[in-house]
Amino acid sequence: MPVALLALAIGAFGIGTTEFVMMGVLPQAAADFGVDIPTAGYLISAYALGVVVGAPLLTAVAVRLPRKTMLLAMMGLFTLGNGLFALSPNQEFGVAFRFLAGLPHGAFFGAGAVVASGLVGQGERAKAVSLMFLGLTLANVIGVPLGTLLGQQVGWRATFGVVAVIGLVAAAAIAKLVPHQGRPADASLRTELGAFKRPQVHLALAIVTFGLGGVFACLSYITPMLTDVAGYSPSNVTLLLSLAGVGMTIGNLLGGRLADRALMPSLYIALLALASVLGIFTITAQGKVGAAITIFFVGVAGFMIGPMMQARIMEKAGGTPSLVSAAVQSAFNIANSIGAYLGGLVIAGGLGLVAPNWVGALLAVFGLTLAVVSGTLDRREAKVERRRELAMAS
């Protein structure tokens with residue numbers, strides 16, 4: 001695999017760390033800003049909003065830029081946002097700077113996925129994309145636990161100062177290792193938006209939104225499940241989340257390899273596995289060993305889907321993949337919001353702390369249904385094309 005993928009993975013590692021480590025240092029930031037925990041939670045929401053807004057907006061603005069230039073610009077904005085956040089004087093500035101830090105998230109991954117797939121041959125594109133996203137999953141295994149520990153021992157500002165340094169390292173690696181690329185041929189906002197006229201693109205985004213929404217319905221409430229249901233002490237939760245992160249890393253790599261071999265059958269299996277594991281988790285959450293094993297497989301099944309869908313949407317976008325590739329990240333964060341909202345709804349309705357797993361299983365089944373519809377459309381289109389070829393031949 002090309003060494004340039006390492007540079008993209010470093011950027012993904014920094015982005016993954018800043019997105020998720022906020023949850024680990026939220027109490028410290030709340031105390032520093034003099035606000036309560038729910039108010040400090042806007043620091044998490046502001047980043048997610050930045051991702052949803054920035055993914056299509058920045059990609060559209062920079063559609064004619066060479067993709068290496070785009071990657072460097074996004075890393076520069078990422079570094080600036082995190083550096084300013086580390087210096088925030090109050091909650092209001094903190095929310096603004098977290099929004100700023102979230103803006104380049106989707107645009108970086110959108111451009112990075114296109115660059116990664118262009119560095120390898122046709123049969124290795126999903127694997128290359130999964131190697132870039134390896135940085136994101138490793139952030140959950142290494143970056144988030146270490147960042148949380150640093151925030152607890154030294155202060156949350158030190159955590160985000162280190163994240164800004166990671167951004168600088170990633171920018172330097174991209175400048176050095178990613179080959180220069182000219183402007184995308186015939187690139188324009190109109191042609192990029194034209195990809196959204198294709199029903200398969202919308203189906204792919206819906207699969208991401210609902211399929212991965214199932215993962216977040218579970219993971220958003222994993223801490224109370226582990227402590228109040230499984231019986232773990234709060235001090236053990238970080239270790240168990242790292243176990244989930246290991247599962248995510250394995251799932252990401254496995255998903256990339258399976259997608260290159262047989263994309264749609266692999267996607268069906270991944271979504272079915274996710275629905276099954278989440279359903280099983282409603283039972284295994286009652287015990288420590290079962291909960292630990294199951295959370296690992298939630299990570300595996302859930303993050304197999306990511307590289308598959310990134311490959312799928314670039315395939316369906318045709319020659320204009322940048323904007324729809326970035327839109328996957330918006331869909332990912334919408335999935336996060338939907339999963340967390342529906343999971344909270346069933347808990348508030350008195351159905352118990354394990355009820356979000358049932359919600360997640362149903363969302364995964366709905367994602368699987370959409371995937372089957374998409375695959376059926378593929379087969380119909382293939383039949384029409386064969387008939388057309390036979391008609392022309394005769």
# chains A, B, ... in the order shown; residues from 1 in each chain; ligands from 1
>>> select_by_dssp(residues="region 21-222 of chain A", states="helix (DSSP H, G or I)", output="PyMOL selection string")
chain A and resi 21-33+37-40+42-61+67-86+91-118+122-153+156-177+189-197+199-219+222
>>> closest_atom_pairs(of="region 262-358 of chain A", to="region 98-109 of chain A", cutoff="9 Å", atoms="only C-alpha atoms", output="JSON lines")
{"residue": "A:Ser322", "atom": "CA", "partner": "A:Ala107", "partner_atom": "CA", "distance": 8.4}
{"residue": "A:Leu323", "atom": "CA", "partner": "A:Ala107", "partner_atom": "CA", "distance": 8.1}
{"residue": "A:Ser325", "atom": "CA", "partner": "A:Phe109", "partner_atom": "CA", "distance": 7.6}
{"residue": "A:Ala326", "atom": "CA", "partner": "A:Gly106", "partner_atom": "CA", "distance": 5.0}
{"residue": "A:Ala327", "atom": "CA", "partner": "A:Gly106", "partner_atom": "CA", "distance": 7.1}
{"residue": "A:Val328", "atom": "CA", "partner": "A:Gly106", "partner_atom": "CA", "distance": 7.7}
{"residue": "A:Gln329", "atom": "CA", "partner": "A:Gly106", "partner_atom": "CA", "distance": 5.0}
{"residue": "A:Ser330", "atom": "CA", "partner": "A:Gly106", "partner_atom": "CA", "distance": 6.7}
>>> write_last_selection(atoms="N, CA, C and O atoms", output="mmCIF file, in the first residue's frame")
data_model
loop_
_atom_site.group_PDB
_atom_site.id
_atom_site.type_symbol
_atom_site.label_atom_id
_atom_site.label_comp_id
_atom_site.auth_asym_id
_atom_site.auth_seq_id
_atom_site.Cartn_x
_atom_site.Cartn_y
_atom_site.Cartn_z
ATOM 1 N N SER A 322 -16.458 13.782 -5.107
ATOM 2 C CA SER A 322 -15.981 14.545 -3.951
ATOM 3 C C SER A 322 -17.111 14.966 -3.019
ATOM 4 O O SER A 322 -17.040 14.771 -1.803
ATOM 5 N N LEU A 323 -18.169 15.570 -3.554
ATOM 6 C CA LEU A 323 -19.232 16.099 -2.704
ATOM 7 C C LEU A 323 -20.031 14.990 -2.032
ATOM 8 O O LEU A 323 -20.348 15.078 -0.844
ATOM 9 N N SER A 325 -18.960 12.003 -1.409
ATOM 10 C CA SER A 325 -18.074 11.349 -0.454
ATOM 11 C C SER A 325 -18.040 12.121 0.858
ATOM 12 O O SER A 325 -18.064 11.535 1.944
ATOM 13 N N ALA A 326 -18.006 13.454 0.761
ATOM 14 C CA ALA A 326 -18.059 14.277 1.969
ATOM 15 C C ALA A 326 -19.414 14.159 2.655
ATOM 16 O O ALA A 326 -19.512 14.190 3.888
ATOM 17 N N ALA A 327 -20.467 14.011 1.852
ATOM 18 C CA ALA A 327 -21.821 13.905 2.416
ATOM 19 C C ALA A 327 -21.970 12.664 3.289
ATOM 20 O O ALA A 327 -22.840 12.633 4.175
ATOM 21 N N VAL A 328 -21.156 11.636 3.052
ATOM 22 C CA VAL A 328 -21.191 10.444 3.907
ATOM 23 C C VAL A 328 -20.916 10.824 5.358
ATOM 24 O O VAL A 328 -21.529 10.290 6.286
ATOM 25 N N GLN A 329 -19.984 11.777 5.563
ATOM 26 C CA GLN A 329 -19.650 12.187 6.927
ATOM 27 C C GLN A 329 -20.811 12.942 7.578
ATOM 28 O O GLN A 329 -21.049 12.819 8.777
ATOM 29 N N SER A 330 -21.542 13.724 6.779
ATOM 30 C CA SER A 330 -22.744 14.364 7.306
ATOM 31 C C SER A 330 -23.765 13.303 7.705
ATOM 32 O O SER A 330 -24.388 13.387 8.776
#
>>> residues_around(residues="Thr209 (chain A)", least_positions_apart="2", cutoff="7 Å", atoms="only C-alpha atoms", output="number ranges by chain")
A: 205-207, 211-213, 331-332, 334-335
>>> atom_distance(atom1="CA of Leu363 (chain A)", atom2="CA of Ile295 (chain A)")
17.4 Å
>>> residues_around(residues="Ala340 (chain A)", least_positions_apart="3", cutoff="12 Å", atoms="only C-alpha atoms", output="ChimeraX atom specification")
/A:45,210,212-222,333-337,343-347,355-357,359-360,363
>>> residues_around(residues="region 83-96 of chain A", least_positions_apart="2", cutoff="6 Å", atoms="only C-alpha atoms", output="MDAnalysis selection string")
chainID A and resid 33 43 46 79:81 98:99 157 160:161 164
>>> closest_residue(among="A:Val300, A:Ala270, A:Met264, A:Ile10", to="Leu243 (chain A)", atoms="only C-alpha atoms")
A:Val300
>>> closest_residue(among="A:Leu390, A:Ala126, A:Ala73, A:Leu351", to="Thr59 (chain A)", atoms="only C-alpha atoms")
A:Ala73
>>> closest_residue(among="A:Gln122, A:Thr227, A:Asn252, A:Thr238", to="Thr148 (chain A)", atoms="only C-alpha atoms")
A:Thr238
>>> decode(residues="region 78-102 of chain A", atoms="N, CA, C and O atoms", output="mmCIF file, in the first residue's frame")
data_model
loop_
_atom_site.group_PDB
_atom_site.id
_atom_site.type_symbol
_atom_site.label_atom_id
_atom_site.label_comp_id
_atom_site.auth_asym_id
_atom_site.auth_seq_id
_atom_site.Cartn_x
_atom_site.Cartn_y
_atom_site.Cartn_z
ATOM 1 N N PHE A 78 -8.479 22.645 10.743
ATOM 2 C CA PHE A 78 -8.619 21.748 11.888
ATOM 3 C C PHE A 78 -7.667 22.152 13.014
ATOM 4 O O PHE A 78 -8.057 22.241 14.188
ATOM 5 N N THR A 79 -6.412 22.407 12.656
ATOM 6 C CA THR A 79 -5.401 22.797 13.649
ATOM 7 C C THR A 79 -5.766 24.126 14.297
ATOM 8 O O THR A 79 -5.672 24.291 15.522
ATOM 9 N N LEU A 80 -6.199 25.077 13.477
ATOM 10 C CA LEU A 80 -6.588 26.388 13.996
ATOM 11 C C LEU A 80 -7.759 26.260 14.972
ATOM 12 O O LEU A 80 -7.735 26.843 16.073
ATOM 13 N N GLY A 81 -8.791 25.503 14.581
ATOM 14 C CA GLY A 81 -9.965 25.365 15.432
ATOM 15 C C GLY A 81 -9.644 24.746 16.774
ATOM 16 O O GLY A 81 -10.115 25.215 17.828
ATOM 17 N N ASN A 82 -8.812 23.695 16.780
ATOM 18 C CA ASN A 82 -8.470 23.039 18.038
ATOM 19 C C ASN A 82 -7.526 23.883 18.888
ATOM 20 O O ASN A 82 -7.641 23.891 20.119
ATOM 21 N N GLY A 83 -6.608 24.594 18.227
ATOM 22 C CA GLY A 83 -5.716 25.474 18.971
ATOM 23 C C GLY A 83 -6.479 26.593 19.659
ATOM 24 O O GLY A 83 -6.243 26.903 20.840
ATOM 25 N N LEU A 84 -7.431 27.196 18.934
ATOM 26 C CA LEU A 84 -8.243 28.262 19.526
ATOM 27 C C LEU A 84 -9.141 27.724 20.638
ATOM 28 O O LEU A 84 -9.348 28.396 21.657
ATOM 29 N N PHE A 85 -9.664 26.518 20.443
ATOM 30 C CA PHE A 85 -10.509 25.937 21.483
ATOM 31 C C PHE A 85 -9.719 25.730 22.772
ATOM 32 O O PHE A 85 -10.237 25.963 23.873
ATOM 33 N N ALA A 86 -8.472 25.299 22.652
ATOM 34 C CA ALA A 86 -7.631 25.099 23.838
ATOM 35 C C ALA A 86 -7.397 26.408 24.594
ATOM 36 O O ALA A 86 -7.084 26.387 25.789
ATOM 37 N N LEU A 87 -7.566 27.543 23.910
ATOM 38 C CA LEU A 87 -7.347 28.853 24.531
ATOM 39 C C LEU A 87 -8.658 29.571 24.875
ATOM 40 O O LEU A 87 -8.629 30.737 25.285
ATOM 41 N N SER A 88 -9.785 28.890 24.710
ATOM 42 C CA SER A 88 -11.094 29.533 24.883
ATOM 43 C C SER A 88 -11.245 30.160 26.269
ATOM 44 O O SER A 88 -11.017 29.488 27.284
ATOM 45 N N PRO A 89 -11.658 31.431 26.332
ATOM 46 C CA PRO A 89 -11.820 32.077 27.637
ATOM 47 C C PRO A 89 -13.124 31.723 28.350
ATOM 48 O O PRO A 89 -13.235 31.889 29.566
ATOM 49 N N ASN A 90 -14.131 31.248 27.579
ATOM 50 C CA ASN A 90 -15.419 30.939 28.207
ATOM 51 C C ASN A 90 -16.189 29.937 27.349
ATOM 52 O O ASN A 90 -15.739 29.552 26.263
ATOM 53 N N GLN A 91 -17.368 29.541 27.836
ATOM 54 C CA GLN A 91 -18.195 28.543 27.163
ATOM 55 C C GLN A 91 -18.619 29.003 25.766
ATOM 56 O O GLN A 91 -18.624 28.218 24.815
ATOM 57 N N GLU A 92 -18.988 30.274 25.634
ATOM 58 C CA GLU A 92 -19.476 30.778 24.353
ATOM 59 C C GLU A 92 -18.402 30.693 23.270
ATOM 60 O O GLU A 92 -18.671 30.227 22.148
ATOM 61 N N PHE A 93 -17.194 31.135 23.592
ATOM 62 C CA PHE A 93 -16.099 31.011 22.639
ATOM 63 C C PHE A 93 -15.770 29.540 22.388
ATOM 64 O O PHE A 93 -15.431 29.155 21.266
ATOM 65 N N GLY A 94 -15.865 28.729 23.435
ATOM 66 C CA GLY A 94 -15.590 27.308 23.291
ATOM 67 C C GLY A 94 -16.521 26.649 22.286
ATOM 68 O O GLY A 94 -16.089 25.872 21.424
ATOM 69 N N VAL A 95 -17.812 26.962 22.358
ATOM 70 C CA VAL A 95 -18.781 26.415 21.410
ATOM 71 C C VAL A 95 -18.451 26.869 19.987
ATOM 72 O O VAL A 95 -18.494 26.075 19.041
ATOM 73 N N ALA A 96 -18.113 28.143 19.831
ATOM 74 C CA ALA A 96 -17.792 28.672 18.502
ATOM 75 C C ALA A 96 -16.557 27.979 17.912
ATOM 76 O O ALA A 96 -16.536 27.622 16.722
ATOM 77 N N PHE A 97 -15.541 27.770 18.742
ATOM 78 C CA PHE A 97 -14.308 27.169 18.236
ATOM 79 C C PHE A 97 -14.472 25.663 17.995
ATOM 80 O O PHE A 97 -13.814 25.097 17.118
ATOM 81 N N ARG A 98 -15.343 25.022 18.761
ATOM 82 C CA ARG A 98 -15.625 23.603 18.485
ATOM 83 C C ARG A 98 -16.362 23.468 17.146
ATOM 84 O O ARG A 98 -16.112 22.537 16.382
ATOM 85 N N PHE A 99 -17.271 24.387 16.858
ATOM 86 C CA PHE A 99 -17.947 24.412 15.559
ATOM 87 C C PHE A 99 -16.922 24.591 14.448
ATOM 88 O O PHE A 99 -16.965 23.888 13.424
ATOM 89 N N LEU A 100 -15.977 25.518 14.655
ATOM 90 C CA LEU A 100 -14.920 25.766 13.667
ATOM 91 C C LEU A 100 -14.078 24.509 13.448
ATOM 92 O O LEU A 100 -13.746 24.160 12.306
ATOM 93 N N ALA A 101 -13.734 23.805 14.536
ATOM 94 C CA ALA A 101 -12.921 22.597 14.429
ATOM 95 C C ALA A 101 -13.648 21.482 13.692
ATOM 96 O O ALA A 101 -13.023 20.637 13.038
ATOM 97 N N GLY A 102 -14.993 21.472 13.777
ATOM 98 C CA GLY A 102 -15.767 20.433 13.109
ATOM 99 C C GLY A 102 -15.967 20.675 11.623
ATOM 100 O O GLY A 102 -16.220 19.727 10.867
#
